[in-house]
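input.txt follows (compact mmCIF, C-alpha atoms):
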```
# COMPACT_ATOMS: atom_id res chain seq x y z
CA MET A 1 98.69 108.16 90.88
CA THR A 2 95.28 107.59 89.35
CA HIS A 3 92.94 104.84 90.46
CA ASP A 4 90.35 103.34 88.12
CA HIS A 5 88.80 101.05 90.71
CA PRO A 6 85.75 101.98 92.80
CA ALA A 7 86.31 102.62 96.49
CA ALA A 8 86.75 99.43 98.49
CA LEU A 9 83.39 99.71 100.28
CA GLU A 10 81.36 101.27 97.49
CA GLY A 11 77.86 99.81 97.50
CA LEU A 12 77.90 99.14 101.25
CA LYS A 13 74.93 100.79 102.97
CA VAL A 14 75.35 101.85 106.60
CA LEU A 15 72.80 103.37 108.98
CA ASP A 16 74.60 105.27 111.73
CA ALA A 17 72.06 105.67 114.54
CA SER A 18 74.74 106.13 117.21
CA THR A 19 75.79 109.32 118.99
CA LEU A 20 78.93 111.01 120.25
CA PHE A 21 82.11 109.19 119.36
CA ALA A 22 82.80 105.44 119.25
CA GLY A 23 79.89 104.36 117.03
CA PRO A 24 79.94 107.44 114.78
CA LEU A 25 83.70 107.20 114.27
CA ALA A 26 83.37 103.55 113.25
CA ALA A 27 80.83 104.66 110.64
CA THR A 28 83.20 107.43 109.53
CA LEU A 29 85.94 104.90 108.86
CA LEU A 30 83.55 102.93 106.64
CA GLY A 31 82.43 106.08 104.87
CA ASP A 32 86.03 107.06 104.16
CA HIS A 33 86.29 103.97 101.99
CA GLY A 34 83.13 104.50 100.00
CA ALA A 35 80.29 103.18 102.14
CA ASP A 36 77.05 105.14 101.84
CA VAL A 37 76.60 106.22 105.47
CA ILE A 38 73.26 107.71 106.51
CA LYS A 39 73.54 109.53 109.82
CA ILE A 40 70.23 109.25 111.70
CA GLU A 41 69.76 111.86 114.41
CA HIS A 42 67.06 112.94 116.80
CA PRO A 43 65.84 116.42 115.81
CA ARG A 44 67.88 117.70 118.76
CA GLY A 45 70.98 116.59 116.89
CA ASP A 46 73.89 114.41 117.93
CA PRO A 47 75.47 115.96 121.05
CA ALA A 48 78.79 115.76 119.18
CA ARG A 49 77.60 118.77 117.16
CA THR A 50 78.18 120.97 120.19
CA HIS A 51 81.27 119.28 121.67
CA GLY A 52 84.56 121.12 121.52
CA ALA A 53 85.44 124.34 119.75
CA GLN A 54 82.85 126.23 117.72
CA LYS A 55 83.30 128.78 114.97
CA ASP A 56 80.34 131.07 114.38
CA GLY A 57 78.19 128.51 116.15
CA VAL A 58 79.40 125.66 113.96
CA GLY A 59 80.95 122.65 115.72
CA LEU A 60 84.43 121.93 114.36
CA TRP A 61 84.74 118.39 115.74
CA TRP A 62 81.47 117.54 114.00
CA LYS A 63 82.87 118.56 110.62
CA MET A 64 85.54 115.87 110.93
CA LEU A 65 83.53 113.21 112.78
CA ALA A 66 80.54 113.27 110.40
CA ARG A 67 82.47 113.56 107.16
CA ASN A 68 81.35 111.45 104.20
CA LYS A 69 77.87 111.03 105.73
CA ARG A 70 74.37 112.06 104.72
CA ALA A 71 72.22 113.31 107.57
CA ILE A 72 68.54 112.80 108.33
CA THR A 73 66.43 113.38 111.42
CA LEU A 74 64.13 110.64 112.69
CA VAL A 75 62.66 109.83 116.10
CA LEU A 76 62.84 106.04 116.29
CA SER A 77 60.58 105.77 119.33
CA THR A 78 57.53 106.99 117.37
CA PRO A 79 55.41 104.50 115.38
CA ARG A 80 56.08 106.20 112.05
CA GLY A 81 59.75 106.66 112.91
CA ARG A 82 59.97 102.94 113.64
CA GLU A 83 58.37 102.08 110.29
CA LEU A 84 60.72 104.35 108.36
CA PHE A 85 63.75 102.97 110.17
CA LEU A 86 62.72 99.41 109.33
CA ASP A 87 62.27 100.47 105.71
CA LEU A 88 65.76 101.95 105.67
CA ALA A 89 67.20 98.84 107.33
CA ALA A 90 65.51 96.55 104.82
CA ASP A 91 68.22 97.11 102.22
CA ALA A 92 71.07 98.24 104.49
CA ASP A 93 74.14 96.17 105.18
CA VAL A 94 74.99 97.61 108.59
CA VAL A 95 73.22 99.38 111.44
CA ILE A 96 75.36 101.00 114.13
CA GLU A 97 73.67 101.98 117.40
CA ASN A 98 74.73 102.83 120.93
CA PHE A 99 71.50 103.09 122.90
CA ARG A 100 71.46 101.47 126.32
CA PRO A 101 70.77 97.72 126.07
CA GLY A 102 67.05 97.03 125.71
CA THR A 103 66.20 100.41 124.17
CA LEU A 104 65.85 99.20 120.58
CA GLU A 105 63.87 96.22 121.82
CA ARG A 106 61.50 98.53 123.70
CA TRP A 107 60.86 100.42 120.46
CA GLY A 108 60.26 97.22 118.50
CA LEU A 109 63.54 97.61 116.66
CA GLY A 110 65.62 94.86 118.25
CA TRP A 111 67.54 92.16 116.45
CA GLU A 112 64.45 90.00 116.09
CA GLU A 113 62.59 92.68 114.13
CA LEU A 114 65.58 93.94 112.17
CA SER A 115 66.79 90.51 111.09
CA ALA A 116 63.25 89.50 110.13
CA ARG A 117 63.17 92.40 107.69
CA ASN A 118 66.76 91.86 106.54
CA PRO A 119 68.45 88.53 107.39
CA ARG A 120 71.75 89.79 105.89
CA LEU A 121 71.96 92.81 108.19
CA VAL A 122 74.90 93.32 110.55
CA LEU A 123 73.82 95.09 113.75
CA ALA A 124 76.77 96.73 115.51
CA ARG A 125 75.94 97.60 119.12
CA VAL A 126 78.43 99.88 120.86
CA THR A 127 77.91 100.52 124.57
CA GLY A 128 80.03 101.26 127.58
CA PHE A 129 79.71 97.82 129.17
CA GLY A 130 78.24 95.55 126.48
CA GLN A 131 74.85 93.92 126.06
CA THR A 132 75.17 91.48 128.98
CA GLY A 133 76.70 91.35 132.44
CA PRO A 134 75.94 93.11 135.74
CA TYR A 135 77.02 96.56 134.47
CA SER A 136 75.27 96.44 131.10
CA SER A 137 72.50 98.87 132.10
CA ARG A 138 74.90 101.53 133.36
CA PRO A 139 75.52 104.65 131.29
CA GLY A 140 78.99 104.28 129.83
CA PHE A 141 81.49 106.70 128.35
CA GLY A 142 85.09 106.45 127.25
CA THR A 143 86.30 108.04 130.47
CA LEU A 144 84.89 105.12 132.45
CA ALA A 145 86.63 102.69 130.13
CA GLU A 146 89.93 104.51 130.55
CA ALA A 147 89.47 104.14 134.30
CA MET A 148 88.26 100.53 134.47
CA SER A 149 90.57 99.07 131.83
CA GLY A 150 93.62 99.85 133.96
CA PHE A 151 94.87 102.62 131.67
CA ALA A 152 94.47 105.46 134.19
CA ALA A 153 96.03 103.46 137.03
CA MET A 154 99.30 103.08 135.15
CA THR A 155 99.33 106.57 133.63
CA GLY A 156 100.81 109.63 135.33
CA ASP A 157 103.76 110.47 137.55
CA PRO A 158 104.77 108.06 140.32
CA ASP A 159 103.76 110.49 143.06
CA GLY A 160 100.72 111.82 141.21
CA PRO A 161 97.14 110.71 140.70
CA PRO A 162 95.91 108.24 138.08
CA THR A 163 95.69 110.22 134.85
CA LEU A 164 93.06 110.29 132.12
CA PRO A 165 93.88 111.16 128.50
CA PRO A 166 92.89 114.63 127.23
CA PHE A 167 91.03 113.16 124.24
CA GLY A 168 88.64 110.29 123.46
CA LEU A 169 91.18 107.47 123.59
CA ALA A 170 88.84 104.63 124.59
CA ASP A 171 86.20 105.79 122.11
CA GLY A 172 88.76 105.93 119.31
CA VAL A 173 90.10 102.46 120.03
CA ALA A 174 86.55 101.12 120.29
CA ALA A 175 85.70 102.72 116.94
CA LEU A 176 88.62 101.03 115.22
CA THR A 177 87.66 97.72 116.83
CA THR A 178 84.02 98.12 115.81
CA ALA A 179 84.94 98.90 112.20
CA PHE A 180 87.10 95.75 112.14
CA GLY A 181 84.29 93.74 113.75
CA ILE A 182 81.83 94.96 111.13
CA MET A 183 84.15 93.95 108.30
CA THR A 184 84.67 90.55 109.96
CA ALA A 185 80.90 90.02 110.16
CA LEU A 186 80.49 91.05 106.53
CA ARG A 187 83.18 88.59 105.51
CA ALA A 188 81.41 85.84 107.45
CA ARG A 189 78.18 86.76 105.67
CA GLU A 190 79.78 85.79 102.38
CA THR A 191 79.96 82.24 103.71
CA THR A 192 76.80 81.97 105.80
CA GLY A 193 74.53 84.31 103.86
CA ARG A 194 73.38 85.78 107.18
CA GLY A 195 74.14 88.85 109.18
CA GLN A 196 74.78 88.86 112.90
CA VAL A 197 75.07 91.06 115.99
CA LEU A 198 78.37 92.69 116.90
CA ASP A 199 78.63 93.59 120.61
CA THR A 200 81.36 96.12 121.39
CA ALA A 201 81.84 97.11 125.04
CA ILE A 202 84.01 100.23 125.15
CA ILE A 203 85.79 98.90 128.25
CA GLU A 204 87.28 95.98 126.28
CA PRO A 205 89.29 97.28 123.27
CA LEU A 206 91.50 99.53 125.40
CA LEU A 207 91.98 96.67 127.87
CA HIS A 208 93.20 94.57 124.95
CA LEU A 209 95.89 97.12 124.09
CA LEU A 210 97.37 97.43 127.56
CA GLY A 211 99.86 94.66 127.03
CA PRO A 212 101.04 92.11 129.58
CA GLY A 213 99.57 93.73 132.69
CA LEU A 214 96.92 91.08 133.31
CA ILE A 215 99.11 88.06 132.73
CA ALA A 216 101.92 89.57 134.80
CA TYR A 217 99.54 90.03 137.71
CA ASP A 218 97.99 86.61 137.18
CA GLN A 219 101.33 84.81 137.17
CA LEU A 220 103.56 87.01 139.33
CA GLY A 221 101.27 89.25 141.36
CA ILE A 222 102.90 92.30 139.77
CA LEU A 223 100.96 95.53 139.30
CA GLN A 224 102.46 97.97 136.82
CA PRO A 225 103.28 101.22 138.64
CA ARG A 226 102.89 104.76 137.34
CA THR A 227 106.21 105.83 135.87
CA GLY A 228 105.39 109.10 134.14
CA ASN A 229 107.12 109.20 130.75
CA ARG A 230 109.62 106.59 131.82
CA SER A 231 109.32 102.86 131.16
CA THR A 232 109.84 99.82 133.35
CA ASN A 233 111.12 97.95 130.29
CA ASN A 234 113.67 100.35 128.80
CA ALA A 235 115.86 103.34 129.59
CA PRO A 236 116.50 105.99 128.62
CA ARG A 237 112.92 106.60 127.59
CA ASN A 238 111.51 110.00 128.48
CA THR A 239 110.67 113.50 127.36
CA TYR A 240 113.44 116.06 127.62
CA GLN A 241 113.40 119.85 127.39
CA CYS A 242 115.75 121.60 125.00
CA ALA A 243 117.57 124.90 125.46
CA ASP A 244 114.93 126.77 123.43
CA GLY A 245 112.08 125.50 125.63
CA GLN A 246 110.93 122.91 123.10
CA TRP A 247 110.62 119.24 123.99
CA VAL A 248 111.70 115.96 122.43
CA ALA A 249 110.94 112.32 123.16
CA VAL A 250 113.64 109.65 123.15
CA SER A 251 113.10 105.89 122.95
CA THR A 252 115.69 103.11 123.25
CA SER A 253 113.57 99.99 122.88
CA ALA A 254 116.39 98.37 120.88
CA HIS A 255 119.74 97.81 122.61
CA SER A 256 121.70 99.15 119.63
CA ILE A 257 119.75 102.42 119.82
CA ALA A 258 120.53 102.73 123.52
CA GLU A 259 124.23 102.40 122.76
CA ARG A 260 124.07 105.05 120.04
CA VAL A 261 122.28 107.48 122.34
CA MET A 262 124.87 107.14 125.09
CA ARG A 263 127.75 107.64 122.67
CA LEU A 264 126.02 110.68 121.22
CA VAL A 265 125.49 112.35 124.61
CA GLY A 266 129.08 111.74 125.68
CA ALA A 267 128.55 108.91 128.16
CA PRO A 268 129.97 105.85 126.36
CA GLU A 269 131.38 104.50 129.61
CA LEU A 270 127.86 103.57 130.75
CA ILE A 271 127.62 101.08 127.90
CA ASP A 272 130.27 98.95 129.60
CA GLU A 273 128.30 98.69 132.84
CA PRO A 274 126.93 95.14 133.37
CA TRP A 275 123.43 96.53 133.96
CA PHE A 276 123.38 98.20 130.53
CA ALA A 277 122.93 94.83 128.82
CA SER A 278 119.11 94.67 129.10
CA GLY A 279 116.28 97.16 128.95
CA ALA A 280 114.89 96.10 132.33
CA SER A 281 118.20 96.52 134.11
CA ARG A 282 118.81 99.85 132.37
CA ALA A 283 115.44 100.97 133.72
CA GLU A 284 116.73 100.28 137.23
CA HIS A 285 119.45 102.89 136.57
CA VAL A 286 117.16 105.40 134.92
CA GLU A 287 118.27 108.36 137.04
CA GLU A 288 121.86 108.02 135.85
CA LEU A 289 120.86 107.57 132.23
CA ASP A 290 118.33 110.39 132.27
CA ALA A 291 120.87 112.73 133.81
CA ALA A 292 123.31 112.09 130.97
CA VAL A 293 120.73 112.39 128.20
CA GLY A 294 118.80 115.24 129.78
CA SER A 295 121.82 117.46 130.42
CA TRP A 296 123.10 117.00 126.86
CA ILE A 297 119.70 117.86 125.35
CA ALA A 298 119.15 120.80 127.72
CA ALA A 299 122.26 122.50 126.31
CA ARG A 300 120.98 122.48 122.73
CA ASP A 301 118.03 123.79 120.73
CA ARG A 302 115.47 121.31 119.46
CA ASP A 303 116.51 121.41 115.81
CA GLU A 304 120.13 120.73 116.76
CA VAL A 305 119.10 117.82 118.98
CA VAL A 306 116.93 116.22 116.30
CA GLU A 307 119.61 116.65 113.64
CA ALA A 308 122.29 115.09 115.86
CA PHE A 309 120.08 112.15 116.82
CA GLU A 310 119.17 111.51 113.19
CA LYS A 311 122.81 111.64 112.14
CA ALA A 312 123.64 109.11 114.88
CA GLU A 313 120.67 106.93 113.82
CA ALA A 314 119.20 107.23 117.29
CA ALA A 315 115.45 107.43 117.88
CA VAL A 316 114.10 110.89 118.70
CA ALA A 317 110.98 112.87 117.85
CA PRO A 318 110.00 116.47 118.48
CA ILE A 319 106.92 116.81 120.65
CA TYR A 320 104.38 118.45 118.39
CA THR A 321 101.34 120.61 118.91
CA ALA A 322 98.54 120.74 116.33
CA ALA A 323 100.32 123.72 114.76
CA ASP A 324 103.46 121.62 114.28
CA VAL A 325 101.51 118.72 112.78
CA LEU A 326 99.89 120.96 110.16
CA ALA A 327 103.26 122.42 109.17
CA ASP A 328 105.26 119.19 109.17
CA PRO A 329 106.56 118.19 105.72
CA HIS A 330 106.38 114.45 106.42
CA PHE A 331 102.71 114.49 107.45
CA ASN A 332 102.02 116.53 104.33
CA ALA A 333 104.02 114.14 102.13
CA LEU A 334 102.02 111.20 103.49
CA GLY A 335 98.77 113.04 102.89
CA SER A 336 97.89 112.76 106.57
CA ILE A 337 96.11 116.11 106.45
CA VAL A 338 93.34 116.87 103.97
CA THR A 339 91.80 120.20 102.98
CA ILE A 340 88.05 120.12 102.24
CA ASP A 341 85.67 122.91 101.26
CA ASP A 342 82.80 123.23 103.74
CA ASP A 343 79.62 125.10 102.88
CA GLU A 344 79.59 126.84 106.28
CA LEU A 345 83.28 127.36 107.03
CA GLY A 346 85.04 127.40 103.67
CA PRO A 347 88.31 125.42 103.42
CA VAL A 348 89.01 123.30 106.52
CA ARG A 349 91.96 121.06 107.35
CA PHE A 350 91.80 117.89 109.42
CA GLN A 351 93.01 114.27 109.52
CA ASN A 352 92.79 112.18 106.38
CA THR A 353 92.04 108.44 106.36
CA PRO A 354 94.45 106.66 108.75
CA PHE A 355 95.89 104.20 106.21
CA ARG A 356 96.52 104.03 102.48
CA LEU A 357 95.51 101.35 99.96
CA SER A 358 97.44 101.21 96.71
CA GLU A 359 94.51 100.27 94.46
CA THR A 360 91.36 101.43 96.27
CA PRO A 361 92.37 104.30 98.54
CA GLY A 362 89.87 105.95 100.82
CA SER A 363 89.08 109.64 100.61
CA VAL A 364 87.36 112.47 102.41
CA ARG A 365 84.71 113.81 100.06
CA THR A 366 82.49 115.93 102.28
CA THR A 367 82.56 117.45 105.76
CA GLY A 368 79.92 116.85 108.42
CA PRO A 369 76.53 117.98 107.11
CA LYS A 370 73.96 120.31 108.62
CA LEU A 371 71.28 118.71 110.80
CA GLY A 372 68.79 116.86 108.61
CA ALA A 373 70.40 118.06 105.40
CA HIS A 374 69.43 114.93 103.45
CA THR A 375 66.11 114.03 105.09
CA ALA A 376 63.94 114.90 102.08
CA GLU A 377 66.29 113.15 99.65
CA ILE A 378 66.59 109.89 101.59
CA LEU A 379 63.04 109.55 102.86
CA GLY A 380 61.77 110.58 99.44
CA ARG A 381 63.10 107.27 98.15
CA LEU A 382 60.78 105.56 100.63
CA GLY A 383 57.79 107.39 99.20
CA VAL A 384 57.65 110.23 101.74
CA ASP A 385 56.60 113.31 99.79
CA ALA A 386 56.84 116.98 100.74
CA ASP A 387 53.39 117.04 102.34
CA GLU A 388 54.15 114.07 104.58
CA LEU A 389 57.54 115.53 105.49
CA GLU A 390 55.78 118.65 106.72
CA GLN A 391 53.28 116.56 108.68
CA LEU A 392 56.00 114.39 110.23
CA ARG A 393 57.93 117.47 111.32
CA ALA A 394 54.79 118.90 112.89
CA GLN A 395 54.21 115.58 114.70
CA GLY A 396 57.77 115.51 116.06
CA VAL A 397 58.80 112.45 114.04
CA LEU A 398 61.50 114.34 112.12
```

Go ahead and express the file in the form of structure tokens.
Amino acid sequence: MTHDHPAALEGLKVLDASTLFAGPLAATLLGDHGADVIKIEHPRGDPARTHGAQKDGVGLWWKMLARNKRAITLVLSTPRGRELFLDLAADADVVIENFRPGTLERWGLGWEELSARNPRLVLARVTGFGQTGPYSSRPGFGTLAEAMSGFAAMTGDPDGPPTLPPFGLADGVAALTTAFGIMTALRARETTGRGQVLDTAIIEPLLHLLGPGLIAYDQLGILQPRTGNRSTNNAPRNTYQCADGQWVAVSTSAHSIAERVMRLVGAPELIDEPWFASGASRAEHVEELDAAVGSWIAARDRDEVVEAFEKAEAAVAPIYTAADVLADPHFNALGSIVTIDDDELGPVRFQNTPFRLSETPGSVRTTGPKLGAHTAEILGRLGVDADELEQLRAQGVL
């Protein structure tokens, strides 16, 4: 399919002055859909450049996280750095930052100064605990949000400790929320003609996704327990090991699916039990249900299990590693994985944009750039010539 329309966010100018994950990933999502994203880094570089696996000294996570961005170095706390940042912000649509509250203000780059230069600017502020409140000055990372939101308390085995995710869950959810907040503010600007401040506290978006835990405690005094891979709302719902050592996940959120699973595994008599009628009551008999499902799956290889479940129109999925994802025909048919040529690594594969638009689809055009790769190009448009660039580097501004 060919598309004659420009990308949905083409013409949108974004200054990404944030570091690590939540703010930068929000900017990445905008860049995927055509926004011109300028990544502003301290000359030390975003710490994300050195997070995770490296190949020949090149950060692999960075290549994905900073895709579709142009990179410059600039020390905002210096007088000349402040001036250049204000010049860049003068015709930008969005600034994304995640300094501790009060830092931009201390540098003379707070909302008062930014909005005076550009009343249409949207300033997205992404911090661990938000701009106000008793914890606002604390350093905040996604791990703390995963702990304080209630996620860790309900995650893990019943007799085990609270469990944290092995990836940046809270940061990722906060990034999606921030990107949505930015687009909401830009939509409001069409009506008001003015920009505004977006305040994202990383502790909040994950809290929002955790379902009815707060209202259940508020109204009934119930705290959701840790149940491992099981559910308090449905059964059977678990991970099960196959005869070949592979694993599958089974879900029976719909009653009809639960019936199909029990017929498939040779335990149709359980369907007639009075307690089988609701997910909650089935969960009270999870040991019996898991025994039936688990023993049937344990006697068969994964491919046989998946084929049988699909034939029975019961819900099952193989538990994939990254190797499985890259080889899966469905992910490839969706275009979930993209291959991009990188000037340091050659062809690389990683996640594509997370949704598809029929008329103005997003795309991955470049991988994460080298530190300061576009400094001369971008600051040159502000009148900074080669001699001044050299001077600013010597002065520690770039």

Please measure the separation of CA of Lys13 in chain A and CA of Val94 in chain A, giving the value in Å to one decimal.
->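 Here the two named atoms are 6.5 Å from each other.
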
From the set A:Ala188, A:Ala322, A:Val348, A:Val248, which residue has the shortest atom-to-atom contact distance to Gly368 in chain A, counting only C-alpha atoms?
->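 Going through A:Ala188, A:Ala322, A:Val348, A:Val248 one by one, the smallest distance to Gly368 in chain A is for A:Val348.
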
Residues within 10 Å of (61.4, 96.5, 111.5), counting all atoms listed in the file, listed as a PyMOL selection string | chain A and resi 82-90+107-118

Tell me which of A:Leu207, A:Val95, A:Leu123, A:Leu186 sits closest to Gly150 in chain A, counting only C-alpha atoms.
->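 Result for the nearest residue to Gly150 in chain A: A:Leu207.
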
So how many Å separate CA of Gly294 in chain A and CA of His255 in chain A, to one decimal?
->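 If I compute the distance from CA of Gly294 in chain A to CA of His255 in chain A, I get 18.9 Å.
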
For range 34-47 of chain A, please output as a PDB file with C-alpha atoms, in the coordinates of the input all residues within 9 Å (counting all atoms listed in the file; exclusion window: fewer than 4 positions along the same chain).
```
ATOM      1  CA  PRO A   6      85.750 101.980  92.800  1.00  0.00           C
ATOM      2  CA  ALA A   7      86.310 102.620  96.490  1.00  0.00           C
ATOM      3  CA  ALA A   8      86.750  99.430  98.490  1.00  0.00           C
ATOM      4  CA  LEU A   9      83.390  99.710 100.280  1.00  0.00           C
ATOM      5  CA  GLU A  10      81.360 101.270  97.490  1.00  0.00           C
ATOM      6  CA  GLY A  11      77.860  99.810  97.500  1.00  0.00           C
ATOM      7  CA  LEU A  12      77.900  99.140 101.250  1.00  0.00           C
ATOM      8  CA  LYS A  13      74.930 100.790 102.970  1.00  0.00           C
ATOM      9  CA  VAL A  14      75.350 101.850 106.600  1.00  0.00           C
ATOM     10  CA  LEU A  15      72.800 103.370 108.980  1.00  0.00           C
ATOM     11  CA  ASP A  16      74.600 105.270 111.730  1.00  0.00           C
ATOM     12  CA  ALA A  17      72.060 105.670 114.540  1.00  0.00           C
ATOM     13  CA  SER A  18      74.740 106.130 117.210  1.00  0.00           C
ATOM     14  CA  THR A  19      75.790 109.320 118.990  1.00  0.00           C
ATOM     15  CA  LEU A  20      78.930 111.010 120.250  1.00  0.00           C
ATOM     16  CA  PRO A  24      79.940 107.440 114.780  1.00  0.00           C
ATOM     17  CA  ALA A  27      80.830 104.660 110.640  1.00  0.00           C
ATOM     18  CA  THR A  28      83.200 107.430 109.530  1.00  0.00           C
ATOM     19  CA  LEU A  29      85.940 104.900 108.860  1.00  0.00           C
ATOM     20  CA  LEU A  30      83.550 102.930 106.640  1.00  0.00           C
ATOM     21  CA  HIS A  51      81.270 119.280 121.670  1.00  0.00           C
ATOM     22  CA  ALA A  66      80.540 113.270 110.400  1.00  0.00           C
ATOM     23  CA  ASN A  68      81.350 111.450 104.200  1.00  0.00           C
ATOM     24  CA  LYS A  69      77.870 111.030 105.730  1.00  0.00           C
ATOM     25  CA  ARG A  70      74.370 112.060 104.720  1.00  0.00           C
ATOM     26  CA  ALA A  71      72.220 113.310 107.570  1.00  0.00           C
ATOM     27  CA  ILE A  72      68.540 112.800 108.330  1.00  0.00           C
ATOM     28  CA  THR A  73      66.430 113.380 111.420  1.00  0.00           C
ATOM     29  CA  LEU A  74      64.130 110.640 112.690  1.00  0.00           C
ATOM     30  CA  VAL A  75      62.660 109.830 116.100  1.00  0.00           C
ATOM     31  CA  LEU A  76      62.840 106.040 116.290  1.00  0.00           C
ATOM     32  CA  GLY A 362      89.870 105.950 100.820  1.00  0.00           C
ATOM     33  CA  SER A 363      89.080 109.640 100.610  1.00  0.00           C
ATOM     34  CA  LEU A 371      71.280 118.710 110.800  1.00  0.00           C
ATOM     35  CA  GLY A 372      68.790 116.860 108.610  1.00  0.00           C
ATOM     36  CA  HIS A 374      69.430 114.930 103.450  1.00  0.00           C
ATOM     37  CA  ILE A 378      66.590 109.890 101.590  1.00  0.00           C
ATOM     38  CA  GLY A 396      57.770 115.510 116.060  1.00  0.00           C
ATOM     39  CA  VAL A 397      58.800 112.450 114.040  1.00  0.00           C
ATOM     40  CA  LEU A 398      61.500 114.340 112.120  1.00  0.00           C
TER      41      LEU A 398
END
```

Could you check how far CA of Pro318 in chain A sits from CA of Asp303 in chain A, in Å to one decimal?
-> 8.6 Å

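Proximity to Lys370 in chain A was assessed for A:His208, A:His5, A:Arg125, A:Arg67 counting all atoms listed in the file; the smallest distance is recorded for A:Arg67.
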
May I have the residues within 8 Å of Asp342 in chain A as number ranges by chain, using only C-alpha atoms and disregarding those fewer than 3 positions away in the same chain?
-> A: 345-348, 366-367

Any idea what's packed within 8 Å of range 258-264 of chain A, counting only C-alpha atoms, ignoring anything in its chain fewer than 2 positions away? Could you give it as an MDAnalysis selection string?
-> chainID A and resid 235:236 252:256 266:268 270:271 292:293 308:309 312:314

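Shortest atom-to-atom contact with Ser251 in chain A among A:Ala315, A:Leu104, A:Val126, A:Val338: A:Ala315, counting all atoms listed in the file.
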
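Minimum atom-to-atom distances from A:Ile297, A:Ala373, A:Ala394, A:Ala152 to Pro225 in chain A were compared using all atoms listed in the file, and the lowest value belongs to A:Ala152.
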
Check the smallest atom-to-atom distance from each of A:Ile337, A:Ala174, A:Leu65, A:Ala124 to Phe99 in chain A using only C-alpha atoms, then report the winner.
-> A:Ala124

If I put a ball of radius 8 Å at (74.4, 90.8, 103.8) in the file's coordinates, which residues poke into it when counting all atoms listed in the file, written as a PyMOL selection string?
-> chain A and resi 93+119-122+186+189-190+193-195

Report, as lines of an AutoDock Vina configuration file, the centre and edge lengths in Å (one decimal) of the axis-aligned box enclosing every listed atom of range 69-78 of chain A, padded by 5 Å on each side.
```
center_x = 67.7
center_y = 109.6
center_z = 112.0
size_x = 30.3
size_y = 17.6
size_z = 24.6
```

Might you pull out every residue within 12 Å of Tyr135 in chain A, with only C-alpha atoms counted and same-chain residues fewer than 5 positions away left off, and present them as a VMD selection string?
-> chain A and resid 100 to 101 127 to 130 140 144 148 201 203
